[in-house]
Structure formats: structure tokens, C-alpha cells
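One file, start38.txt, is given below (compact mmCIF, C-alpha atoms and all ligand atoms).
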# COMPACT_ATOMS: atom_id res chain seq x y z
CA MET A 1 -4.47 -17.77 -11.94
CA GLU A 2 -1.93 -15.01 -11.39
CA ARG A 3 1.22 -17.06 -10.74
CA ASN A 4 3.78 -14.30 -10.59
CA VAL A 5 4.50 -12.23 -7.52
CA PRO A 6 3.12 -8.70 -7.90
CA GLN A 7 5.56 -6.33 -9.55
CA HIS A 8 4.22 -3.33 -7.64
CA ILE A 9 2.58 -3.36 -4.20
CA ALA A 10 0.83 -0.31 -2.70
CA ILE A 11 0.32 -0.26 1.08
CA ILE A 12 -1.99 1.82 3.26
CA MET A 13 -0.16 1.53 6.58
CA ASP A 14 -3.11 2.04 8.92
CA GLY A 15 -3.73 1.41 12.60
CA ASN A 16 -0.74 3.02 14.35
CA GLY A 17 -2.98 5.13 16.59
CA ARG A 18 -5.12 2.19 17.71
CA TRP A 19 -2.00 0.11 18.32
CA ALA A 20 -0.70 2.80 20.69
CA LYS A 21 -4.06 3.36 22.37
CA ARG A 22 -4.37 -0.32 23.25
CA ARG A 23 -1.07 -0.05 25.08
CA ASN A 24 -1.83 3.28 26.72
CA LEU A 25 1.01 4.86 24.72
CA PRO A 26 0.98 8.20 22.88
CA ARG A 27 -0.16 7.95 19.24
CA ASN A 28 3.27 9.07 18.07
CA GLU A 29 4.79 5.97 19.65
CA GLY A 30 2.51 3.97 17.36
CA HIS A 31 3.86 5.90 14.39
CA ARG A 32 7.44 5.28 15.51
CA ARG A 33 6.76 1.55 15.68
CA GLY A 34 5.06 1.78 12.31
CA ALA A 35 8.23 3.18 10.77
CA GLU A 36 10.17 0.17 12.10
CA THR A 37 7.61 -2.15 10.56
CA LEU A 38 8.07 -0.41 7.24
CA ARG A 39 11.81 -1.02 7.24
CA LYS A 40 11.23 -4.70 7.94
CA VAL A 41 8.60 -4.96 5.21
CA ILE A 42 10.85 -3.22 2.65
CA ARG A 43 13.68 -5.70 3.32
CA HIS A 44 11.33 -8.62 2.98
CA ALA A 45 9.63 -7.29 -0.16
CA GLN A 46 13.03 -6.91 -1.81
CA LYS A 47 13.84 -10.52 -0.88
CA ARG A 48 10.59 -11.67 -2.43
CA GLY A 49 11.51 -10.03 -5.72
CA ILE A 50 9.04 -7.14 -5.64
CA ALA A 51 10.18 -4.34 -7.97
CA TYR A 52 8.16 -1.39 -6.60
CA ILE A 53 6.50 -0.65 -3.29
CA THR A 54 4.46 2.51 -2.63
CA VAL A 55 3.47 3.36 0.93
CA TYR A 56 0.98 5.91 2.24
CA ALA A 57 2.80 7.81 5.00
CA PHE A 58 0.86 11.09 5.30
CA SER A 59 -2.29 12.16 3.47
CA THR A 60 -3.44 15.64 2.49
CA GLU A 61 -6.30 15.03 4.96
CA ASN A 62 -3.97 14.12 7.84
CA TRP A 63 -3.17 17.84 8.39
CA SER A 64 -6.48 18.06 10.23
CA ARG A 65 -5.15 15.94 13.11
CA PRO A 66 -4.07 17.66 16.36
CA LYS A 67 -0.92 19.78 16.01
CA GLU A 68 1.01 17.59 18.39
CA GLU A 69 0.41 14.51 16.24
CA VAL A 70 1.18 16.33 12.96
CA ASP A 71 4.43 17.74 14.41
CA GLY A 72 5.37 14.30 15.67
CA LEU A 73 4.72 12.77 12.26
CA MET A 74 6.77 15.42 10.46
CA ASN A 75 9.67 14.90 12.86
CA LEU A 76 9.42 11.17 12.37
CA LEU A 77 9.56 11.66 8.60
CA ARG A 78 12.67 13.83 9.08
CA THR A 79 14.42 11.09 11.03
CA TYR A 80 13.17 8.44 8.68
CA LEU A 81 14.40 10.19 5.53
CA LYS A 82 17.81 10.76 7.10
CA GLN A 83 18.16 7.12 8.14
CA ASN A 84 17.12 6.05 4.68
CA LEU A 85 20.25 7.56 3.14
CA ARG A 86 22.24 4.74 4.72
CA PHE A 87 19.48 2.16 4.32
CA ALA A 88 19.22 2.92 0.59
CA LYS A 89 22.93 2.41 0.11
CA LYS A 90 23.08 -0.79 2.14
CA GLU A 91 20.11 -2.41 0.39
CA SER A 92 20.62 -0.68 -2.98
CA LEU A 93 17.12 0.82 -2.82
CA LYS A 94 15.85 3.65 -4.98
CA PHE A 95 13.64 6.16 -3.12
CA LYS A 96 11.02 8.46 -4.60
CA ILE A 97 8.57 10.72 -2.77
CA ILE A 98 5.12 11.27 -4.27
CA GLY A 99 2.61 13.91 -3.16
CA ASP A 100 2.60 17.69 -2.94
CA ILE A 101 6.18 18.11 -1.79
CA GLN A 102 5.96 21.92 -2.02
CA GLY A 103 3.47 21.85 0.83
CA LEU A 104 6.12 20.46 3.19
CA ASP A 105 8.69 22.41 5.25
CA ALA A 106 11.74 23.60 3.30
CA ASP A 107 14.17 21.37 5.21
CA LEU A 108 12.04 18.31 4.45
CA GLN A 109 11.97 19.26 0.77
CA ALA A 110 15.77 19.47 0.77
CA GLN A 111 16.05 16.09 2.47
CA ILE A 112 13.71 14.55 -0.08
CA LYS A 113 15.79 15.90 -2.94
CA LYS A 114 18.98 14.56 -1.39
CA LEU A 115 17.55 11.09 -0.76
CA GLU A 116 16.14 10.85 -4.29
CA GLU A 117 19.37 12.02 -5.90
CA ASP A 118 21.58 9.93 -3.66
CA SER A 119 19.65 6.74 -4.38
CA SER A 120 18.82 7.32 -8.04
CA GLN A 121 21.57 5.04 -9.35
CA ASN A 122 20.70 2.14 -7.06
CA VAL A 123 19.55 -0.97 -8.86
CA GLY A 124 17.37 -2.67 -6.21
CA MET A 125 13.68 -2.22 -5.43
CA GLN A 126 12.08 1.22 -5.84
CA VAL A 127 10.38 2.54 -2.71
CA ASN A 128 7.84 5.34 -3.25
CA ILE A 129 6.76 7.19 -0.12
CA ALA A 130 3.50 9.14 -0.34
CA MET A 131 3.86 12.28 1.79
CA ASN A 132 1.30 15.08 1.77
CA TYR A 133 -0.35 12.87 -0.81
CA GLY A 134 -3.98 12.91 -1.86
CA GLY A 135 -5.19 11.17 -5.00
CA ARG A 136 -7.58 13.95 -5.94
CA ASP A 137 -4.90 16.55 -5.27
CA GLU A 138 -2.51 14.60 -7.51
CA VAL A 139 -5.07 14.63 -10.34
CA ILE A 140 -5.64 18.37 -9.97
CA ARG A 141 -1.91 19.10 -9.93
CA ALA A 142 -1.52 16.95 -13.06
CA ILE A 143 -4.34 18.85 -14.78
CA ARG A 144 -2.65 22.14 -13.95
CA LYS A 145 0.69 20.98 -15.37
CA MET A 146 -0.98 19.57 -18.48
CA SER A 147 -3.02 22.75 -19.00
CA GLU A 148 0.12 24.88 -18.84
CA ASN A 149 1.55 22.78 -21.61
CA LEU A 150 -1.69 23.07 -23.61
CA LEU A 151 -1.69 26.85 -23.32
CA LYS A 152 1.96 27.00 -24.39
CA GLY A 153 1.05 24.95 -27.47
CA GLY A 154 3.24 22.00 -26.42
CA LEU A 155 0.23 19.71 -26.40
CA HIS A 156 -2.99 19.62 -28.45
CA ILE A 157 -6.40 18.65 -27.06
CA GLN A 158 -6.68 15.75 -29.50
CA GLU A 159 -3.43 14.31 -28.16
CA ILE A 160 -4.77 13.89 -24.61
CA SER A 161 -4.98 10.18 -23.83
CA GLU A 162 -4.70 8.05 -20.70
CA GLU A 163 -0.98 7.62 -21.37
CA VAL A 164 -0.40 11.34 -21.87
CA PHE A 165 -2.39 12.24 -18.75
CA GLU A 166 -0.46 9.66 -16.69
CA SER A 167 2.79 11.31 -17.66
CA TYR A 168 1.73 14.34 -15.58
CA LEU A 169 0.93 12.32 -12.44
CA ASP A 170 3.47 11.92 -9.61
CA THR A 171 3.65 8.26 -10.61
CA ALA A 172 4.76 8.88 -14.21
CA GLN A 173 7.30 6.14 -15.09
CA ILE A 174 5.95 3.87 -12.34
CA PRO A 175 3.78 0.92 -13.43
CA GLU A 176 0.39 0.77 -11.72
CA PRO A 177 0.12 -1.30 -8.53
CA ASP A 178 -0.85 -4.96 -9.00
CA LEU A 179 -1.81 -5.34 -5.35
CA MET A 180 -3.04 -2.88 -2.72
CA ILE A 181 -2.78 -3.92 0.94
CA ARG A 182 -4.52 -2.03 3.76
CA THR A 183 -4.03 -2.99 7.38
CA SER A 184 -6.24 -2.36 10.43
CA GLY A 185 -9.45 -3.78 9.00
CA GLU A 186 -10.70 -0.56 7.39
CA LEU A 187 -12.31 -1.27 4.02
CA ARG A 188 -11.64 1.93 2.08
CA THR A 189 -8.89 3.57 0.07
CA SER A 190 -8.91 7.02 1.77
CA ASN A 191 -7.84 8.99 -1.33
CA PHE A 192 -4.86 6.72 -2.11
CA MET A 193 -3.99 6.40 -5.81
CA PRO A 194 -7.55 6.45 -7.23
CA TRP A 195 -6.30 6.57 -10.82
CA GLN A 196 -3.57 3.97 -10.42
CA LEU A 197 -5.57 1.41 -8.40
CA ALA A 198 -8.34 1.16 -11.02
CA TYR A 199 -7.43 -2.45 -11.86
CA SER A 200 -5.41 -3.49 -8.81
CA GLU A 201 -6.28 -6.41 -6.56
CA PHE A 202 -7.20 -5.36 -2.99
CA TYR A 203 -6.16 -7.22 0.15
CA PHE A 204 -7.33 -6.15 3.60
CA ALA A 205 -5.47 -7.38 6.68
CA GLU A 206 -7.09 -7.24 10.12
CA CYS A 207 -3.89 -6.55 12.02
CA LEU A 208 -2.73 -3.06 12.91
CA TRP A 209 0.25 -1.75 10.95
CA PRO A 210 2.87 -1.99 13.76
CA ASP A 211 1.94 -5.70 14.08
CA PHE A 212 2.26 -6.40 10.35
CA ASP A 213 5.20 -8.70 9.54
CA GLU A 214 6.86 -10.92 6.95
CA LYS A 215 4.32 -13.69 7.47
CA GLN A 216 1.38 -11.35 6.89
CA PHE A 217 3.09 -9.96 3.82
CA ASP A 218 3.55 -13.47 2.41
CA LEU A 219 -0.14 -14.21 3.06
CA ALA A 220 -1.10 -11.17 0.99
CA ILE A 221 1.17 -12.28 -1.85
CA GLU A 222 -0.26 -15.79 -1.74
CA ALA A 223 -3.80 -14.41 -1.86
CA TYR A 224 -2.81 -12.29 -4.85
CA MET A 225 -1.33 -15.27 -6.66
CA ASP A 226 -4.64 -17.12 -6.25
CA ARG A 227 -6.60 -14.32 -7.88
CA ARG A 228 -7.69 -14.29 -11.48
CA ARG A 229 -7.28 -10.88 -13.05
CA ARG A 230 -9.54 -10.36 -16.02
CA PHE A 231 -9.16 -6.70 -17.01
CA GLY A 232 -12.66 -6.74 -18.47
CA LYS A 233 -12.18 -9.82 -20.64
CA SER A 234 -14.59 -12.75 -20.40
CA GLU A 235 -11.87 -15.29 -19.56
C1 LIG B 301 -1.80 5.36 10.03
O1 LIG B 301 -2.22 5.13 11.34
C2 LIG B 301 -0.71 6.37 9.94
C3 LIG B 301 -1.14 7.71 9.48
C4 LIG B 301 -2.31 8.02 9.06
C5 LIG B 301 -0.12 8.75 9.50
P1 LIG B 301 -3.36 6.00 12.03
O2 LIG B 301 -2.71 7.11 12.76
O3 LIG B 301 -4.40 6.37 11.05
O4 LIG B 301 -3.93 4.95 13.08
P2 LIG B 301 -5.47 4.72 13.44
O5 LIG B 301 -6.17 4.41 12.16
O6 LIG B 301 -5.96 5.97 14.07
O7 LIG B 301 -5.43 3.56 14.39
C1 LIG B 302 -4.90 6.84 5.44
O1 LIG B 302 -5.25 6.50 6.72
C2 LIG B 302 -3.65 7.66 5.43
C3 LIG B 302 -2.42 6.96 5.79
C4 LIG B 302 -2.30 5.70 6.11
C5 LIG B 302 -1.22 7.78 5.75
P1 LIG B 302 -6.25 7.39 7.60
O2 LIG B 302 -6.29 6.72 8.92
O3 LIG B 302 -5.86 8.80 7.56
O4 LIG B 302 -7.63 7.22 6.80
P2 LIG B 302 -9.12 7.27 7.34
O5 LIG B 302 -9.27 8.58 8.04
O6 LIG B 302 -9.28 6.13 8.27
O7 LIG B 302 -9.96 7.12 6.12
MG MG B 303 -6.12 5.48 10.41
When written as C-alpha cells, how does the structure in this file appear?
Amino acid sequence: MERNVPQHIAIIMDGNGRWAKRRNLPRNEGHRRGAETLRKVIRHAQKRGIAYITVYAFSTENWSRPKEEVDGLMNLLRTYLKQNLRFAKKESLKFKIIGDIQGLDADLQAQIKKLEEDSSQNVGMQVNIAMNYGGRDEVIRAIRKMSENLLKGGLHIQEISEEVFESYLDTAQIPEPDLMIRTSGELRTSNFMPWQLAYSEFYFAECLWPDFDEKQFDLAIEAYMDRRRRFGKSE
């Protein structure tokens, strides 16, 4: 049995829209509440001794939502990143953004850079936020970067290995997730970390993300600790 708490937890924070709809509120109100839930979950994860947490905030596919929702989400991310400057200092958190950052507005890119730099010396938990992130897109961007290096002669075809390829992914330097949690009852990964989740344990919670709390988080950790990870071995 896996007795240790997971070192790295990945979370697909899903169900904000349904949460709002049930209350006759605009979808963006669901997202706002979801951001509050995330802050609560980060504090609790740090208390539980988790070293890394990676959360799916906006996917490359989410651009196809109505403009009003996309604008609302981008503004929420602006506010959220700004507030995190103080939050990072207070809780000694290290922040990193994964995804195609160049596809975001220039002011958001600047904010990301500031938050990452500002928090880089912090010694607490590392929080990775996936923004404009798609797993397939990440793989393609990694292939482009690796190919550039190949063409320059900095890398030879025979040297390509899983480890070398991983060093071109957004998650280079980050160990792969031990546990993936998705809320809202949907049983799919929606293009979230396909390479990195290859051997992770999956946990699906029925509740909608704004309703997720410390108790639910602990249930997921308990379930993980009861699992037996085999990594292909027979025992
Ligand atoms: C997750 O909640 C947040 C984002 C995708 C940005 P949704 O907005 O997907 O909520 P549902 O799944 O429609 O309820
Ligand atoms: C995944 O949720 C993306 C985020 C949580 C940011 P979606 O709600 O976009 O995924 P699908 O459409 O249900 O697969
Ligand atoms: Mg959804």
C-alpha cells in the first residue's frame, strides 16, 4: 500500500459553470467562487505536506467558449495573479505557470513573469497553474524546441530519450503527479498532462469545484494511500 501522502497532486477544477447555473448565477460567478476554493485548497495542501500542486485553470480548448465567459476568466486570472503576489509571500509558496504563455495578453504575460520571479526563492509548496494549457499543444511545443536544438547540432537523434524529451516540456524539473483529482463527476482528462499522468492514480469526486473543501481533499489523499501502485511489476 502507498503509505506516503502524494508528493505531487494535479487537479482538474471542474464544475464552476454548473455550480452557478444551479443557483441562477452567471457562470463567471462560479469561476470567482472556484478561485476562492483554490486558495483554500492550496493552504490545506501545504499543511498536509504536499510538495507540488498543479491546477488546470484554462485549457487551449476553453477559447471556444462565449467571449463574455472568456473575458471574465481572463480578468479573473489577472486579479488572481495579482493577489497571489501577497499570498505567495505570506505562505512562502513558489508559483509557476505552465501552458502556452505567449498566447495570452501581454499584461498577463508580464504579471506571470513577476509572480514567478517574486516567488522563486520561496521554500514552501510549489503551485503550478495551467493557463492556455493543452497537453497535446505542450508536446508539440516541446518537439519544436527539441527540433531546433537538433538542427543546431546541440542534440543527436540517438540521444533522444524519455528524460531528454521531458526536459523540453513545460513541466521540466517537476516530478510527475502521483495523484490526479477531477471534480464534478466527469470521467475524462480533457487534454490535461497526458504525458505526465501516464502512471498517476486517478480520483474522481462528484462534487462541483466551488463545493470542494478540505474534507474532500483529505478523502482523496486517503483513497490514494490505500492504492497499490505497481508500475508494471507483478507485485
Ligand atoms: C471549470 O468549470 C473551469 C474552467 C473550465 C475554466 P467549467 O466552467 O467547465 O464548469 P462546468 O463543467 O461547465 O460546470
Ligand atoms: C477542463 O474542463 C479544463 C479546466 C478545468 C480548466 P472542461 O470543462 O473544459 O472540459 P470538458 O469540456 O468537460 O472536457
Ligand atoms: Mg467543465
Go ahead and compute the interatomic distance for CA of Leu197 in chain A and CA of Gly135 in chain A, in Å to one decimal.
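Rounded to one decimal, the two atoms are 10.3 Å apart.
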Ligand LIG 302 (chain B): which residues are within 10 Å, counting all atoms listed in the file? Reply as number ranges by chain.
A: 11-18, 55-65, 129-134, 182-192, 209
To one decimal place, how far is atom O5 of ligand LIG 301 (chain B) from CA of Arg27 in chain A in Å?
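Separation between atom O5 of ligand LIG 301 (chain B) and CA of Arg27 in chain A: 9.9 Å.
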Considering all atoms listed in the file, can you say which of A:Leu77, A:Val164, A:Ile9, A:Ala220 comes closest to ligand LIG 301 (chain B)?
A:Leu77
When distances are computed from all atoms listed in the file, which of A:Pro177, A:Trp19, A:Pro6, A:Leu104 shows the smallest separation from ligand LIG 301 (chain B)?
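Nearest candidate to ligand LIG 301 (chain B) out of A:Pro177, A:Trp19, A:Pro6, A:Leu104: A:Trp19.
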How many Å lie between CA of Gln126 in chain A and CA of Lys96 in chain A, rounded to one decimal?
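Calculated distance between CA of Gln126 in chain A and CA of Lys96 in chain A is 7.4 Å.
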For range 31-46 of chain A, what centre and edge lengths in Å (one decimal) does the axis-aligned box get once 8 Å is added on each side of all its listed atoms, as lines of an AutoDock Vina configuration file?
center_x = 8.8
center_y = -1.4
center_z = 6.9
size_x = 25.8
size_y = 30.5
size_z = 33.5
Min atom-atom distance to ligand MG 303 (chain B) from the set A:His31, A:His8, A:Leu108, A:Lys215, counting all atoms listed in the file, belongs to A:His31
Smallest atom-to-atom distance to Ala223 in chain A: which of A:Ser120, A:Asn4, A:Gln111, A:Asn24, using all atoms listed in the file?
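Result for the nearest residue to Ala223 in chain A: A:Asn4.
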So, counting all atoms listed in the file, which residue among A:Val123, A:Ile157, A:Ala51, A:Leu169 is closest to Asp100 in chain A?
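With all atoms listed in the file as the atom set, the closest residue is A:Leu169.
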List the neighbours of Arg48 in chain A out to 10 Å using all atoms listed in the file; skip same-chain residues closer than 4 positions along the sequence, and give me the result as a ChimeraX atom specification.
/A:5-6,42-44,217-218,221
Residue neighbourhood Tyr80 in chain A, 10 Å, only C-alpha atoms, exclusion window fewer than 5 positions, as a PyMOL selection string
chain A and resi 32+35-36+39+74-75+85+87
Of the residues A:Glu166, A:Asp211, A:Glu222, A:Glu2, which is the one nearest to ligand LIG 301 (chain B), using only C-alpha atoms and all ligand atoms?
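So, comparing all the options, the nearest one is A:Asp211.
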Residues near Ser92 in chain A, anyone? I mean within 9 Å using only C-alpha atoms, not counting same-chain ones fewer than 6 positions away, as a PyMOL selection string.
chain A and resi 119+121-125
